[in-house]
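Colleague: This is the structure I have questions about; it appears just below.
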Amino acid sequence: MKNKRSNLETKHNISGYGFLSLWLIGFLVFTVYPLFYSLYLSFNDVRLTVRGWETSFVGFANYTSTFLLNTTYMPAIIEFIVLEVVYVPTILIISFILALLLSKDIKFRAAFRMIYFLPVIVLSGPVMYQLISSDSTRVDDISESAIFMVIERFSQPFAEFLVLLFENMTLILWFTGIPIILFINGLRKIPKSLYEAAEIDGANGWQILWKIKIPLIKPIALVTGIYSVISLGLYEINPTYELLNAVLANTAGGMGIASTFAWIYTVVILLLIGALFLVFKEKKVVYVETLKQQQNQKELKRLQHQRNDRFRDIFSIEKNVDRIANLFKKGMKDDE
Amino acid sequence: MSKYLNRKFLGNIVIYALLISISYVYLFPLFKILSMTFMSPADIINQEVDWVPTSPSLNNLKISWAVLGGFKTVFNSIWVSLLFAVSQTVVSAFTGFAFARYNFKYKKFWFLMVLVSFITPVSVLLAPRIMMFSSIQNATGVSMFGSILPQLMMTLTGQGVNSAILILIFYNFFKIIPISLDEAAKLDGATSMKILWHIIIKMSVPAITIVMLFSFVWNWNETYMSGIFIKDSLSLLPMRLSSFDGLFDRSGSDNLINEAFKMAATFLSINPLLIIYLFAQKQFIEGIENTGITGE
């Protein structure tokens with residue numbers, strides 16, 4: 001018997017790794033090795049000579065020159081962080097709202113969904129470049145409007161934030177294609193019974209949104225956020241993109257600096273993803289609360305059911321009294 | 001009751017107004033591309049012509065078509081994207097199948113690594129990849145720059161554009177097919193490859209279609225790696241578009257007129273994708289729904 005099981009295990013191992021092998025080779029050769037090798041390169045001076053690539057260890061020289069001497073890269077990184085910090089929350093909020101609207105029972109839902117997903121298909125670096133350079137992403141100039149001037153008078157930074165937001169509204173929207181679908185899918189997976197229970201409790205749509213939908217959608221918001229952080233980095237709107245390409249083009253001696261640039265960038269991306277994890281950390285309290293609500297709902301339903309039968313079973317009333325008394329005690333204890 | 005209906009009606013109007021106005025912002029660039037493409041120079045300069053060209057002309061399209069390289073470029077783009085798409089589909093299917101069907105050692109770790117490979121920025125891998133291929137070129141004498149070989153090698157081993165997403169699509173699809181089917185086939189003496197072919201592949205035609213479509217579109221739009229490896233050895237549509245400004249230097253002429261040519265070129269290069277989307281939009285949306293990255 002034991003022999004048979006271990007046979008099955010080896011079979012699973014062999015077949016599993018057999019099918020995995022192509023990806024595994026690629027992952028090790030084209031992802032893991034370059035990842036660590038570029039970390040090594042970032043501490044080296046890399047030159048292309050007649051004998052091939054030659055590296056010589058220079059310590060932190062690449063980093064110090066990037067941080068202290070290079071006048072373009074760090075500002076570009078900061079610009080990139082600002083861009084992510086403005087765009088990602090906007091993408092999340094807009095795509096969540098659109099997902100909420102599209103999960104309602106409305107006509108032409110499929111048509112709207114089709115429009116909102118379209119950018120995923122046509123968006124590429126050059127297309128985005130052409131759109132930006134021809135000013136096609138700016139729908140309206142808000143800096144002339146009266147409201148904007150009032151805002152500008154009160155808070156300059158907020159006004160600048162608004163300009164950044166509105167000037168690139170289309171651009172931001174074009175990144176919401178996949179997030180919307182993810183959110184719709186997530187909303188669909190929330191059990192209907194939760195809504196029903198809340199409705200029996202007398203919750204209105206607004207309360208259902210804040211107490212049920214938003215807490216339960218958090219894990220999906222996290223995935224969507226990570227996706228957005230990464231996808232924003234892939235196009236020319238990423239200010240570090242051009243700089244890295246310029247260094248890479250210099251095959252004679254640019255590989256070390258390029259690796260340094262790329263690693264600084266990677267650390268920034270990881271920090272942003274870490275920040276997302278902090279923001280969307282599942283608070284245990286919220287979950288417990290919904291669970292409690294669920295239990296209370298079940299109890300309430302059962303009580304209602306029994307109330308209908310009260311003439312038949314007079315003892316249940318006593319039981320109920322006891323149960324309600326217990327519930328009260330429990331509730332008071334919990335409150336303490 | 002009627003009051004309630006009224007409120008609902010008003011609410012719906014607000015929702016539709018919101019959805020339509022957002023759609024407008026979404027489509028604004030496309031409308032602009034479309035209207036600029038068919039404008040004659042007179043229309044472009046004329047301040048009063050906003051959207052609808054008064055004297056539509058095909059001149060912009062003709063010139064951009066010629067500058068982009070015409071049929072040859074379109075044909076190149078199609079076969080290169082198709083080649084990459086096929087190899088990416090095959091490797092993602094194998095990988096997804098391994099994860100969905102077999103309990104091998106360290107499976108969870110490797111699955112996590114699929115996600116890690118998605119998070120890793122390509123830019124951090126570029127310098128070593130370039131050095132690696134240039135060393136291969138020196139050692140073997142096969143030219144790696146100005147060739148599709150490096151990208152073919154990477155897509156064939158599952159490191160192409162968004163490979164992780166494609167693997168996830170297959171993984172979730174294969175998980176749905178009941179294992180009892182495999183077991184029945186195994187009892188009848190089918191090998192793993194036979195099971196893969198007769199049961200899995202024949203049943204997962206929809207998943208294969210979805211992955212092919214995504215892979216084709218993403219490879220079509222990919223210019224980062226192609227800009228480094230393929231370069232201008234093959235004229236590809238998006239690549240030509242990205243160098244359009246340089247190729248198309250009509251110095252001295254009006255800047256706005258140049259813009260019309262650029263818009264026409266953009267229109268031409270996204271056109272094949274729009275056609276695909278028109279016929280397969282359902283598959284695209286289902287594909288993202290089936291990645292399963294929203295839980296399960």
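Residues in the structure tokens are named by chain (A, B, ... in the order shown) and by number from 1 within that chain; ligands are numbered from 1 in the order shown.
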Find the residues of chain A in contact range of chain B, meaning any atom within 6 Å when counting only C-alpha atoms, and list them as a list in words.
Modeller: His12, Asn13, Gly16, Phe19, Leu20, Leu22, Trp23, Gly26, Pro34, Leu35, Ser38, Val122, Ser124, Pro126, Ser136, Thr170, Ile220, Met255 and Ala262 of chain A
Colleague: Quick one: residues within 12 Å of Leu276 in chain A, only C-alpha atoms, excluding same-chain residues fewer than 2 positions away - as a PyMOL selection string?
Modeller: chain A and resi 84-85+88-89+92+218-229+269-274+278-282
Colleague: Would you list the contacts of Gln293 in chain A as a list in words, taking every protein, DNA or RNA residue within 12 Å and counting only C-alpha atoms, but skipping same-chain residues closer than 6 positions in sequence?
Modeller: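 Counting only the stated atoms, we get Ser193, Leu194, Tyr195, Glu196, Ala197, Ala198, Glu199, Ile200, Asp201, Ala203, Lys211, Ile212, Val286, Tyr287, Glu299, Leu300 and Gly331 of chain A.
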Colleague: Keeping N, CA and C atoms for every residue in the selection just given, could you write it to a file as an mmCIF file, in the first residue's frame?
Modeller:
data_model
loop_
_atom_site.group_PDB
_atom_site.id
_atom_site.type_symbol
_atom_site.label_atom_id
_atom_site.label_comp_id
_atom_site.auth_asym_id
_atom_site.auth_seq_id
_atom_site.Cartn_x
_atom_site.Cartn_y
_atom_site.Cartn_z
ATOM 1 N N SER A 193 -26.635 36.461 0.111
ATOM 2 C CA SER A 193 -27.299 36.344 1.408
ATOM 3 C C SER A 193 -26.869 37.468 2.348
ATOM 4 N N LEU A 194 -25.607 37.938 2.148
ATOM 5 C CA LEU A 194 -25.129 39.030 3.008
ATOM 6 C C LEU A 194 -25.969 40.279 2.799
ATOM 7 N N TYR A 195 -26.235 40.592 1.522
ATOM 8 C CA TYR A 195 -27.050 41.778 1.229
ATOM 9 C C TYR A 195 -28.444 41.627 1.813
ATOM 10 N N GLU A 196 -29.010 40.411 1.601
ATOM 11 C CA GLU A 196 -30.373 40.173 2.089
ATOM 12 C C GLU A 196 -30.432 40.351 3.596
ATOM 13 N N ALA A 197 -29.431 39.771 4.257
ATOM 14 C CA ALA A 197 -29.402 39.877 5.718
ATOM 15 C C ALA A 197 -29.347 41.333 6.148
ATOM 16 N N ALA A 198 -28.510 42.084 5.471
ATOM 17 C CA ALA A 198 -28.365 43.489 5.847
ATOM 18 C C ALA A 198 -29.660 44.245 5.586
ATOM 19 N N GLU A 199 -30.350 43.873 4.479
ATOM 20 C CA GLU A 199 -31.600 44.556 4.168
ATOM 21 C C GLU A 199 -32.656 44.288 5.232
ATOM 22 N N ILE A 200 -32.688 43.032 5.700
ATOM 23 C CA ILE A 200 -33.635 42.702 6.770
ATOM 24 C C ILE A 200 -33.323 43.549 7.995
ATOM 25 N N ASP A 201 -32.048 43.760 8.224
ATOM 26 C CA ASP A 201 -31.617 44.594 9.336
ATOM 27 C C ASP A 201 -31.996 46.049 9.157
ATOM 28 N N ALA A 203 -30.636 47.984 6.614
ATOM 29 C CA ALA A 203 -29.540 48.777 6.057
ATOM 30 C C ALA A 203 -29.933 49.300 4.677
ATOM 31 N N LYS A 211 -20.381 48.908 4.589
ATOM 32 C CA LYS A 211 -20.191 47.872 5.602
ATOM 33 C C LYS A 211 -19.917 46.508 4.988
ATOM 34 N N ILE A 212 -20.397 46.278 3.765
ATOM 35 C CA ILE A 212 -20.215 44.948 3.187
ATOM 36 C C ILE A 212 -19.315 44.981 1.959
ATOM 37 N N VAL A 286 -13.158 44.015 11.133
ATOM 38 C CA VAL A 286 -14.214 44.140 10.131
ATOM 39 C C VAL A 286 -14.832 42.784 9.863
ATOM 40 N N TYR A 287 -13.945 41.797 9.729
ATOM 41 C CA TYR A 287 -14.423 40.467 9.408
ATOM 42 C C TYR A 287 -15.281 39.912 10.536
ATOM 43 N N GLU A 299 -29.943 34.130 13.636
ATOM 44 C CA GLU A 299 -30.733 34.034 14.859
ATOM 45 C C GLU A 299 -32.078 34.716 14.654
ATOM 46 N N LEU A 300 -32.018 35.901 14.084
ATOM 47 C CA LEU A 300 -33.229 36.704 13.897
ATOM 48 C C LEU A 300 -34.211 35.974 12.993
ATOM 49 N N GLY A 331 -23.802 39.915 24.368
ATOM 50 C CA GLY A 331 -23.559 41.224 23.739
ATOM 51 C C GLY A 331 -22.952 42.185 24.736
#
Colleague: Run DSSP on the backbone and tell me which residues of range 37-255 of chain A come out as helix (DSSP H, G or I); list them as a PyMOL selection string.
Modeller: chain A and resi 37-41+61-69+73-102+109-122+125-133+142-144+146-154+156-167+169-173+177-189+192-200+205-232+239-249+255
Colleague: Name all residues at most 8 Å from range 49-63 of chain B (count only C-alpha atoms; drop same-chain ones fewer than 3 positions away) and give them as a PyMOL selection string.
Modeller: chain B and resi 32+35-40+43-44+46+66-67+260-261+264-265+268
